[in-house]
>>> print(open('coords_1.cif').read())   # mmCIF, N, CA, C and O atoms
data_query
#
loop_
_atom_site.label_atom_id
_atom_site.label_comp_id
_atom_site.auth_asym_id
_atom_site.auth_seq_id
_atom_site.Cartn_x
_atom_site.Cartn_y
_atom_site.Cartn_z
N MET B 1 97.60 78.44 113.02
CA MET B 1 98.27 79.64 112.57
C MET B 1 97.23 80.64 112.09
O MET B 1 96.36 80.33 111.30
N ALA B 2 97.31 81.87 112.59
CA ALA B 2 96.34 82.91 112.24
C ALA B 2 96.61 83.43 110.85
O ALA B 2 97.74 83.57 110.43
N LYS B 3 95.51 83.72 110.14
CA LYS B 3 95.63 84.29 108.80
C LYS B 3 95.89 85.78 108.90
O LYS B 3 95.32 86.47 109.73
N LYS B 4 96.77 86.27 108.04
CA LYS B 4 97.03 87.70 107.97
C LYS B 4 96.02 88.34 107.04
O LYS B 4 95.59 87.74 106.06
N ALA B 5 95.67 89.59 107.34
CA ALA B 5 94.77 90.34 106.47
C ALA B 5 95.51 90.63 105.18
O ALA B 5 96.71 90.91 105.18
N PRO B 6 94.82 90.56 104.03
CA PRO B 6 95.49 90.84 102.76
C PRO B 6 95.93 92.30 102.69
O PRO B 6 95.24 93.18 103.18
N THR B 7 97.10 92.51 102.08
CA THR B 7 97.62 93.87 101.93
C THR B 7 97.97 94.12 100.47
O THR B 7 98.24 93.21 99.71
N ASP B 8 97.97 95.39 100.12
CA ASP B 8 98.37 95.83 98.79
C ASP B 8 99.89 95.73 98.73
O ASP B 8 100.58 96.32 99.55
N ALA B 9 100.41 95.02 97.76
CA ALA B 9 101.86 94.80 97.66
C ALA B 9 102.63 96.10 97.45
O ALA B 9 103.75 96.25 97.90
N SER B 10 102.02 97.07 96.77
CA SER B 10 102.75 98.31 96.46
C SER B 10 102.76 99.29 97.62
O SER B 10 103.68 100.06 97.78
N THR B 11 101.70 99.27 98.46
CA THR B 11 101.63 100.26 99.53
C THR B 11 101.69 99.64 100.92
O THR B 11 101.95 100.34 101.88
N GLY B 12 101.41 98.34 101.03
CA GLY B 12 101.39 97.69 102.33
C GLY B 12 100.09 97.94 103.07
O GLY B 12 99.90 97.50 104.18
N ALA B 13 99.14 98.66 102.44
CA ALA B 13 97.87 98.96 103.08
C ALA B 13 96.98 97.73 103.08
O ALA B 13 97.07 96.88 102.19
N LEU B 14 96.11 97.65 104.07
CA LEU B 14 95.16 96.55 104.12
C LEU B 14 94.21 96.65 102.94
O LEU B 14 93.79 97.73 102.55
N THR B 15 93.86 95.51 102.39
CA THR B 15 92.90 95.49 101.30
C THR B 15 91.67 94.73 101.74
O THR B 15 91.72 93.88 102.62
N ASP B 16 90.55 95.05 101.13
CA ASP B 16 89.30 94.37 101.42
C ASP B 16 89.02 93.43 100.26
O ASP B 16 88.62 93.85 99.20
N SER B 17 89.26 92.14 100.48
CA SER B 17 89.13 91.18 99.39
C SER B 17 87.68 90.97 98.99
O SER B 17 87.40 90.46 97.92
N ALA B 18 86.73 91.37 99.83
CA ALA B 18 85.33 91.18 99.52
C ALA B 18 84.86 92.13 98.42
O ALA B 18 84.03 91.79 97.61
N SER B 19 85.40 93.35 98.40
CA SER B 19 84.99 94.31 97.39
C SER B 19 86.23 95.01 96.84
O SER B 19 86.96 95.64 97.59
N PRO B 20 86.45 94.89 95.53
CA PRO B 20 87.62 95.54 94.95
C PRO B 20 87.49 97.06 95.03
O PRO B 20 86.40 97.60 95.01
N ALA B 21 88.62 97.73 95.15
CA ALA B 21 88.63 99.19 95.22
C ALA B 21 88.16 99.75 93.89
O ALA B 21 88.51 99.23 92.83
N PRO B 22 87.37 100.82 93.94
CA PRO B 22 86.92 101.43 92.68
C PRO B 22 88.10 102.02 91.93
O PRO B 22 89.07 102.48 92.54
N ALA B 23 88.01 101.97 90.62
CA ALA B 23 89.07 102.53 89.79
C ALA B 23 89.10 104.05 89.96
O ALA B 23 88.06 104.69 90.02
N LEU B 24 90.30 104.58 90.07
CA LEU B 24 90.44 106.03 90.21
C LEU B 24 90.47 106.67 88.83
O LEU B 24 90.93 106.06 87.86
N PRO B 25 89.99 107.91 88.73
CA PRO B 25 90.01 108.58 87.42
C PRO B 25 91.45 108.83 86.96
O PRO B 25 92.39 108.79 87.75
N ALA B 26 91.58 109.09 85.68
CA ALA B 26 92.90 109.39 85.12
C ALA B 26 93.47 110.64 85.76
O ALA B 26 92.73 111.51 86.23
N LEU B 27 94.77 110.71 85.77
CA LEU B 27 95.44 111.88 86.36
C LEU B 27 95.28 113.09 85.44
O LEU B 27 95.26 112.95 84.21
N PRO B 28 95.20 114.28 86.03
CA PRO B 28 95.11 115.50 85.21
C PRO B 28 96.36 115.67 84.36
O PRO B 28 97.44 115.18 84.70
N ASP B 29 96.23 116.40 83.28
CA ASP B 29 97.36 116.63 82.37
C ASP B 29 98.40 117.58 82.96
O ASP B 29 99.58 117.43 82.70
N SER B 30 97.96 118.54 83.75
CA SER B 30 98.91 119.54 84.24
C SER B 30 99.11 119.41 85.75
O SER B 30 98.24 118.92 86.48
N TYR B 31 100.25 119.92 86.19
CA TYR B 31 100.57 119.99 87.61
C TYR B 31 99.53 120.85 88.33
O TYR B 31 99.04 120.49 89.41
N GLU B 32 99.19 121.97 87.74
CA GLU B 32 98.25 122.90 88.37
C GLU B 32 96.88 122.27 88.58
O GLU B 32 96.25 122.47 89.62
N ALA B 33 96.41 121.51 87.59
CA ALA B 33 95.10 120.85 87.72
C ALA B 33 95.15 119.77 88.81
O ALA B 33 94.21 119.63 89.58
N ALA B 34 96.25 119.04 88.87
CA ALA B 34 96.40 118.00 89.90
C ALA B 34 96.44 118.64 91.28
O ALA B 34 95.80 118.15 92.23
N LEU B 35 97.17 119.74 91.42
CA LEU B 35 97.28 120.42 92.70
C LEU B 35 95.92 120.99 93.13
O LEU B 35 95.54 120.89 94.30
N ALA B 36 95.17 121.55 92.20
CA ALA B 36 93.85 122.10 92.51
C ALA B 36 92.91 120.99 92.98
O ALA B 36 92.17 121.17 93.97
N GLU B 37 92.93 119.86 92.31
CA GLU B 37 92.09 118.74 92.71
C GLU B 37 92.50 118.22 94.09
O GLU B 37 91.65 117.92 94.94
N LEU B 38 93.81 118.15 94.34
CA LEU B 38 94.31 117.70 95.63
C LEU B 38 93.85 118.66 96.74
O LEU B 38 93.40 118.23 97.81
N GLU B 39 93.93 119.95 96.50
CA GLU B 39 93.49 120.93 97.49
C GLU B 39 92.00 120.79 97.80
O GLU B 39 91.57 120.91 98.95
N GLN B 40 91.18 120.55 96.76
CA GLN B 40 89.75 120.35 96.96
C GLN B 40 89.48 119.09 97.79
O GLN B 40 88.63 119.10 98.68
N LEU B 41 90.21 118.02 97.48
CA LEU B 41 90.05 116.78 98.25
C LEU B 41 90.39 116.99 99.72
O LEU B 41 89.65 116.54 100.61
N VAL B 42 91.49 117.65 99.98
CA VAL B 42 91.92 117.90 101.36
C VAL B 42 90.85 118.72 102.09
O VAL B 42 90.51 118.41 103.24
N ALA B 43 90.31 119.73 101.45
CA ALA B 43 89.29 120.56 102.07
C ALA B 43 88.06 119.74 102.43
O ALA B 43 87.51 119.86 103.54
N ARG B 44 87.61 118.86 101.52
CA ARG B 44 86.44 118.02 101.80
C ARG B 44 86.72 117.03 102.92
O ARG B 44 85.89 116.79 103.78
N MET B 45 87.94 116.47 102.93
CA MET B 45 88.30 115.52 103.97
C MET B 45 88.39 116.21 105.33
O MET B 45 87.94 115.67 106.34
N GLU B 46 88.97 117.40 105.36
CA GLU B 46 89.11 118.13 106.62
C GLU B 46 87.77 118.60 107.16
O GLU B 46 87.62 118.79 108.36
N ALA B 47 86.79 118.78 106.28
CA ALA B 47 85.46 119.20 106.71
C ALA B 47 84.78 118.11 107.55
O ALA B 47 83.89 118.40 108.34
N GLY B 48 85.21 116.86 107.36
CA GLY B 48 84.69 115.76 108.17
C GLY B 48 83.30 115.30 107.82
O GLY B 48 82.67 114.61 108.61
N ALA B 49 82.80 115.65 106.66
CA ALA B 49 81.43 115.30 106.29
C ALA B 49 81.35 114.09 105.36
O ALA B 49 80.25 113.70 104.97
N LEU B 50 82.49 113.50 104.99
CA LEU B 50 82.47 112.37 104.07
C LEU B 50 82.20 111.07 104.81
O LEU B 50 82.73 110.85 105.90
N PRO B 51 81.40 110.18 104.22
CA PRO B 51 81.24 108.85 104.81
C PRO B 51 82.57 108.09 104.71
O PRO B 51 83.43 108.41 103.88
N LEU B 52 82.73 107.08 105.54
CA LEU B 52 83.99 106.36 105.63
C LEU B 52 84.47 105.81 104.29
O LEU B 52 85.64 105.96 103.94
N ASP B 53 83.59 105.20 103.52
CA ASP B 53 83.99 104.64 102.22
C ASP B 53 84.50 105.73 101.29
O ASP B 53 85.51 105.55 100.60
N GLN B 54 83.81 106.86 101.25
CA GLN B 54 84.23 107.97 100.39
C GLN B 54 85.53 108.58 100.89
O GLN B 54 86.36 109.02 100.11
N LEU B 55 85.70 108.59 102.21
CA LEU B 55 86.94 109.10 102.78
C LEU B 55 88.13 108.26 102.33
O LEU B 55 89.18 108.80 101.97
N LEU B 56 87.97 106.96 102.31
CA LEU B 56 89.03 106.07 101.86
C LEU B 56 89.35 106.28 100.38
O LEU B 56 90.51 106.36 99.98
N VAL B 57 88.33 106.41 99.55
CA VAL B 57 88.53 106.66 98.13
C VAL B 57 89.23 108.01 97.94
O VAL B 57 90.16 108.13 97.13
N SER B 58 88.82 109.01 98.71
CA SER B 58 89.43 110.33 98.60
C SER B 58 90.89 110.29 99.03
O SER B 58 91.75 110.93 98.42
N TYR B 59 91.18 109.51 100.06
CA TYR B 59 92.57 109.38 100.52
C TYR B 59 93.43 108.73 99.44
O TYR B 59 94.54 109.18 99.16
N ARG B 60 92.91 107.67 98.83
CA ARG B 60 93.65 106.99 97.75
C ARG B 60 93.90 107.95 96.58
O ARG B 60 95.00 108.00 96.02
N ARG B 61 92.88 108.71 96.21
CA ARG B 61 93.03 109.66 95.11
C ARG B 61 94.04 110.75 95.48
O ARG B 61 94.86 111.15 94.67
N GLY B 62 93.97 111.22 96.72
CA GLY B 62 94.92 112.23 97.17
C GLY B 62 96.35 111.73 97.12
O GLY B 62 97.26 112.46 96.69
N ALA B 63 96.56 110.49 97.53
CA ALA B 63 97.91 109.90 97.48
C ALA B 63 98.38 109.80 96.03
O ALA B 63 99.54 110.06 95.72
N GLN B 64 97.46 109.44 95.14
CA GLN B 64 97.80 109.34 93.72
C GLN B 64 98.16 110.72 93.16
O GLN B 64 99.16 110.87 92.45
N LEU B 65 97.37 111.72 93.50
CA LEU B 65 97.64 113.08 93.01
C LEU B 65 98.94 113.63 93.58
O LEU B 65 99.71 114.29 92.87
N LEU B 66 99.20 113.37 94.85
CA LEU B 66 100.43 113.83 95.48
C LEU B 66 101.65 113.21 94.79
O LEU B 66 102.63 113.90 94.49
N GLY B 67 101.59 111.92 94.50
CA GLY B 67 102.69 111.26 93.79
C GLY B 67 102.89 111.86 92.40
O GLY B 67 104.02 112.08 91.96
N HIS B 68 101.79 112.15 91.73
CA HIS B 68 101.86 112.75 90.39
C HIS B 68 102.51 114.13 90.46
O HIS B 68 103.39 114.45 89.65
N CYS B 69 102.11 114.94 91.44
CA CYS B 69 102.69 116.28 91.59
C CYS B 69 104.18 116.19 91.89
O CYS B 69 104.98 116.95 91.32
N ARG B 70 104.57 115.28 92.76
CA ARG B 70 105.99 115.11 93.08
C ARG B 70 106.78 114.71 91.84
O ARG B 70 107.89 115.21 91.61
N GLN B 71 106.24 113.80 91.04
CA GLN B 71 106.94 113.38 89.82
C GLN B 71 107.10 114.54 88.86
O GLN B 71 108.16 114.70 88.24
N ARG B 72 106.06 115.35 88.72
CA ARG B 72 106.14 116.50 87.81
C ARG B 72 107.20 117.50 88.30
O ARG B 72 107.98 118.01 87.50
N LEU B 73 107.24 117.75 89.61
CA LEU B 73 108.23 118.67 90.15
C LEU B 73 109.65 118.13 89.97
O LEU B 73 110.56 118.89 89.62
N GLU B 74 109.83 116.84 90.19
CA GLU B 74 111.15 116.23 90.00
C GLU B 74 111.59 116.32 88.54
O GLU B 74 112.76 116.56 88.25
N ALA B 75 110.65 116.14 87.62
CA ALA B 75 110.97 116.24 86.19
C ALA B 75 111.39 117.66 85.83
O ALA B 75 112.36 117.86 85.09
N VAL B 76 110.69 118.64 86.36
CA VAL B 76 111.05 120.03 86.09
C VAL B 76 112.41 120.35 86.70
O VAL B 76 113.25 121.00 86.07
N GLU B 77 112.65 119.88 87.92
CA GLU B 77 113.94 120.11 88.57
C GLU B 77 115.08 119.51 87.74
O GLU B 77 116.14 120.13 87.57
N ALA B 78 114.86 118.33 87.20
CA ALA B 78 115.89 117.69 86.37
C ALA B 78 116.15 118.51 85.11
O ALA B 78 117.31 118.66 84.69
N GLN B 79 115.10 119.08 84.52
CA GLN B 79 115.28 119.91 83.33
C GLN B 79 116.04 121.18 83.67
O GLN B 79 116.89 121.63 82.91
N VAL B 80 115.75 121.78 84.82
CA VAL B 80 116.45 123.00 85.24
C VAL B 80 117.92 122.68 85.46
O VAL B 80 118.79 123.46 85.08
N LYS B 81 118.22 121.54 86.07
CA LYS B 81 119.61 121.15 86.28
C LYS B 81 120.35 121.04 84.95
O LYS B 81 121.50 121.46 84.83
N LEU B 82 119.69 120.47 83.95
CA LEU B 82 120.31 120.37 82.62
C LEU B 82 120.60 121.75 82.05
O LEU B 82 121.65 121.99 81.48
N LEU B 83 119.65 122.65 82.22
CA LEU B 83 119.82 124.00 81.69
C LEU B 83 120.89 124.77 82.43
O LEU B 83 121.48 125.70 81.89
N GLU B 84 121.15 124.40 83.68
CA GLU B 84 122.14 125.09 84.50
C GLU B 84 123.45 124.31 84.57
O GLU B 84 124.17 124.41 85.55
N ASP B 85 123.75 123.50 83.58
CA ASP B 85 124.98 122.70 83.52
C ASP B 85 125.15 121.77 84.71
O ASP B 85 126.22 121.65 85.29
N GLY B 86 124.06 121.11 85.09
CA GLY B 86 124.14 120.10 86.13
C GLY B 86 124.11 120.62 87.55
O GLY B 86 124.20 119.84 88.49
N GLN B 87 123.98 121.91 87.74
CA GLN B 87 123.93 122.49 89.09
C GLN B 87 122.60 123.19 89.29
O GLN B 87 122.21 124.04 88.49
N LEU B 88 121.92 122.82 90.35
CA LEU B 88 120.67 123.50 90.67
C LEU B 88 121.01 124.74 91.47
O LEU B 88 121.53 124.67 92.58
N LYS B 89 120.79 125.88 90.87
CA LYS B 89 121.14 127.15 91.51
C LYS B 89 119.96 127.67 92.33
O LYS B 89 118.82 127.39 92.01
N PRO B 90 120.22 128.44 93.37
CA PRO B 90 119.13 129.00 94.18
C PRO B 90 118.25 129.92 93.34
O PRO B 90 118.74 130.59 92.43
N TRP B 91 116.98 129.92 93.67
CA TRP B 91 116.02 130.77 92.96
C TRP B 91 116.24 132.21 93.40
O TRP B 91 116.27 132.54 94.57
N ASP B 92 116.39 133.09 92.43
CA ASP B 92 116.56 134.52 92.72
C ASP B 92 115.21 135.18 92.51
O ASP B 92 114.76 135.32 91.37
N ALA B 93 114.57 135.56 93.59
CA ALA B 93 113.21 136.13 93.51
C ALA B 93 113.21 137.57 93.03
O ALA B 93 112.17 138.18 92.93
N ALA B 94 114.35 138.16 92.74
CA ALA B 94 114.42 139.56 92.31
C ALA B 94 113.92 139.74 90.91
O ALA B 94 113.84 138.94 90.09
#
>>> encode(input="coords_1.cif", output="structure tokens")
Amino acid sequence: MAKKAPTDASTGALTDSASPAPALPALPDSYEAALAELEQLVARMEAGALPLDQLLVSYRRGAQLLGHCRQRLEAVEAQVKLLEDGQLKPWDAA
């Protein structure tokens, strides 16, 4: 019976059991700071100049930042719904 490659239980991604993944830095306090860091990461990744190991670390950090931004937006949306009596009303740009 062939052995399966180890995977991360939370993401299903392959893991390298020989070397543990480096710890990622703490998440920024604000949505804006997280978004700015995410944009910088994407720009560096799209430039194609990162070595493979750094590319993987950058991808993991980007996924972490994206999740953080989504959570912050969902929290704000929930607060707006409370303020609008449970109904999310369309944004009036006027």
>>> resolve_selection(input="coords_1.cif", expression="the PyMOL selection byres ((chain B and resi 24) around 8)", output="JSON, numbers by chain")
{"B": [21, 22, 23, 25, 26, 27, 57, 60, 61]}
>>> atom_distance(input="coords_1.cif", atom1="atom CA of B:Met45", atom2="atom CA of B:Gln71")
23.5 Å
>>> select_by_dssp(input="coords_1.cif", residues="stretch 25-65 of chain B", states="helix (DSSP H, G or I)", output="PyMOL selection string")
chain B and resi 31-47+52-65
>>> closest_residue(input="coords_1.cif", among="B:Ala49, B:Arg44, B:Cys69, B:Ala63", to="B:Glu32", atoms="all atoms listed in the file")
B:Cys69
>>> residues_around(input="coords_1.cif", residues="B:Pro28", least_positions_apart="6", cutoff="9 Å", atoms="only C-alpha atoms", output="PyMOL selection string")
chain B and resi 34+37+65+68
>>> atom_distance(input="coords_1.cif", atom1="atom CA of B:Leu66", atom2="atom CA of B:Leu38")
7.2 Å
>>> atom_distance(input="coords_1.cif", atom1="atom CA of B:Ser58", atom2="atom N of B:Val42")
7.7 Å
>>> decode(input="coords_1.cif", residues="stretch 47-75 of chain B", atoms="N, CA, C and O atoms", output="CSV table (one decimal), in the first residue's frame")
chain,number,residue,atom,x,y,z
B,47,ALA,N,5.6,39.7,-9.7
B,47,ALA,CA,6.9,40.1,-10.4
B,47,ALA,C,7.7,38.9,-10.8
B,47,ALA,O,8.5,39.0,-11.7
B,48,GLY,N,7.4,37.8,-10.1
B,48,GLY,CA,8.1,36.5,-10.5
B,48,GLY,C,9.6,36.4,-10.0
B,48,GLY,O,10.3,35.6,-10.5
B,49,ALA,N,10.0,37.3,-9.1
B,49,ALA,CA,11.4,37.3,-8.7
B,49,ALA,C,11.7,36.5,-7.4
B,49,ALA,O,12.8,36.5,-7.0
B,50,LEU,N,10.6,36.0,-6.8
B,50,LEU,CA,10.8,35.3,-5.5
B,50,LEU,C,11.3,33.9,-5.7
B,50,LEU,O,10.8,33.2,-6.6
B,51,PRO,N,12.2,33.4,-4.9
B,51,PRO,CA,12.5,32.0,-4.9
B,51,PRO,C,11.3,31.1,-4.5
B,51,PRO,O,10.5,31.6,-3.8
B,52,LEU,N,11.3,29.9,-4.8
B,52,LEU,CA,10.2,29.0,-4.6
B,52,LEU,C,9.8,29.0,-3.1
B,52,LEU,O,8.6,29.1,-2.8
B,53,ASP,N,10.8,28.8,-2.2
B,53,ASP,CA,10.4,28.7,-0.8
B,53,ASP,C,9.8,30.0,-0.3
B,53,ASP,O,8.8,30.0,0.5
B,54,GLN,N,10.3,31.2,-0.7
B,54,GLN,CA,9.7,32.5,-0.3
B,54,GLN,C,8.3,32.6,-1.0
B,54,GLN,O,7.5,33.2,-0.3
B,55,LEU,N,8.2,32.1,-2.2
B,55,LEU,CA,6.9,32.2,-2.8
B,55,LEU,C,5.8,31.4,-2.0
B,55,LEU,O,4.7,31.9,-1.8
B,56,LEU,N,6.2,30.3,-1.5
B,56,LEU,CA,5.2,29.5,-0.7
B,56,LEU,C,4.9,30.2,0.6
B,56,LEU,O,3.7,30.3,1.0
B,57,VAL,N,5.9,30.8,1.3
B,57,VAL,CA,5.7,31.5,2.5
B,57,VAL,C,4.8,32.8,2.2
B,57,VAL,O,3.8,33.0,3.0
B,58,SER,N,5.0,33.4,1.1
B,58,SER,CA,4.2,34.6,0.7
B,58,SER,C,2.8,34.2,0.4
B,58,SER,O,1.9,34.9,0.8
B,59,TYR,N,2.6,33.0,-0.2
B,59,TYR,CA,1.3,32.6,-0.5
B,59,TYR,C,0.5,32.3,0.8
B,59,TYR,O,-0.7,32.6,0.9
B,60,ARG,N,1.2,31.6,1.7
B,60,ARG,CA,0.5,31.3,3.0
B,60,ARG,C,0.2,32.6,3.7
B,60,ARG,O,-0.9,32.7,4.3
B,61,ARG,N,1.1,33.6,3.7
B,61,ARG,CA,0.8,34.8,4.4
B,61,ARG,C,-0.4,35.5,3.7
B,61,ARG,O,-1.3,36.1,4.3
B,62,GLY,N,-0.4,35.5,2.4
B,62,GLY,CA,-1.5,36.1,1.6
B,62,GLY,C,-2.8,35.5,1.9
B,62,GLY,O,-3.8,36.2,2.1
B,63,ALA,N,-2.8,34.2,2.0
B,63,ALA,CA,-4.1,33.5,2.4
B,63,ALA,C,-4.5,33.9,3.8
B,63,ALA,O,-5.7,34.1,4.1
B,64,GLN,N,-3.6,34.0,4.7
B,64,GLN,CA,-3.9,34.4,6.1
B,64,GLN,C,-4.5,35.9,6.1
B,64,GLN,O,-5.5,36.1,6.7
B,65,LEU,N,-3.8,36.7,5.3
B,65,LEU,CA,-4.3,38.1,5.3
B,65,LEU,C,-5.7,38.2,4.6
B,65,LEU,O,-6.5,39.0,5.1
B,66,LEU,N,-5.9,37.5,3.6
B,66,LEU,CA,-7.2,37.5,2.9
B,66,LEU,C,-8.3,37.0,3.8
B,66,LEU,O,-9.3,37.6,3.9
B,67,GLY,N,-8.0,36.0,4.6
B,67,GLY,CA,-9.0,35.5,5.6
B,67,GLY,C,-9.3,36.5,6.6
B,67,GLY,O,-10.5,36.8,7.0
B,68,HIS,N,-8.3,37.2,7.1
B,68,HIS,CA,-8.4,38.3,8.1
B,68,HIS,C,-9.3,39.4,7.5
B,68,HIS,O,-10.2,39.9,8.2
B,69,CYS,N,-9.0,39.8,6.3
B,69,CYS,CA,-9.8,40.9,5.7
B,69,CYS,C,-11.2,40.5,5.5
B,69,CYS,O,-12.1,41.3,5.8
B,70,ARG,N,-11.5,39.3,5.1
B,70,ARG,CA,-12.9,38.8,4.9
B,70,ARG,C,-13.6,38.8,6.3
B,70,ARG,O,-14.7,39.2,6.4
B,71,GLN,N,-12.9,38.4,7.3
B,71,GLN,CA,-13.5,38.4,8.7
B,71,GLN,C,-13.9,39.8,9.1
B,71,GLN,O,-14.9,40.0,9.7
B,72,ARG,N,-13.0,40.7,8.9
B,72,ARG,CA,-13.2,42.1,9.3
B,72,ARG,C,-14.4,42.7,8.5
B,72,ARG,O,-15.2,43.4,9.1
B,73,LEU,N,-14.5,42.4,7.2
B,73,LEU,CA,-15.6,42.9,6.4
B,73,LEU,C,-16.9,42.3,6.9
B,73,LEU,O,-17.9,43.0,6.9
B,74,GLU,N,-16.9,41.0,7.2
B,74,GLU,CA,-18.1,40.3,7.6
B,74,GLU,C,-18.6,40.9,9.0
B,74,GLU,O,-19.8,41.1,9.2
B,75,ALA,N,-17.6,41.2,9.8
B,75,ALA,CA,-17.9,41.8,11.1
B,75,ALA,C,-18.6,43.2,11.0
B,75,ALA,O,-19.6,43.5,11.6
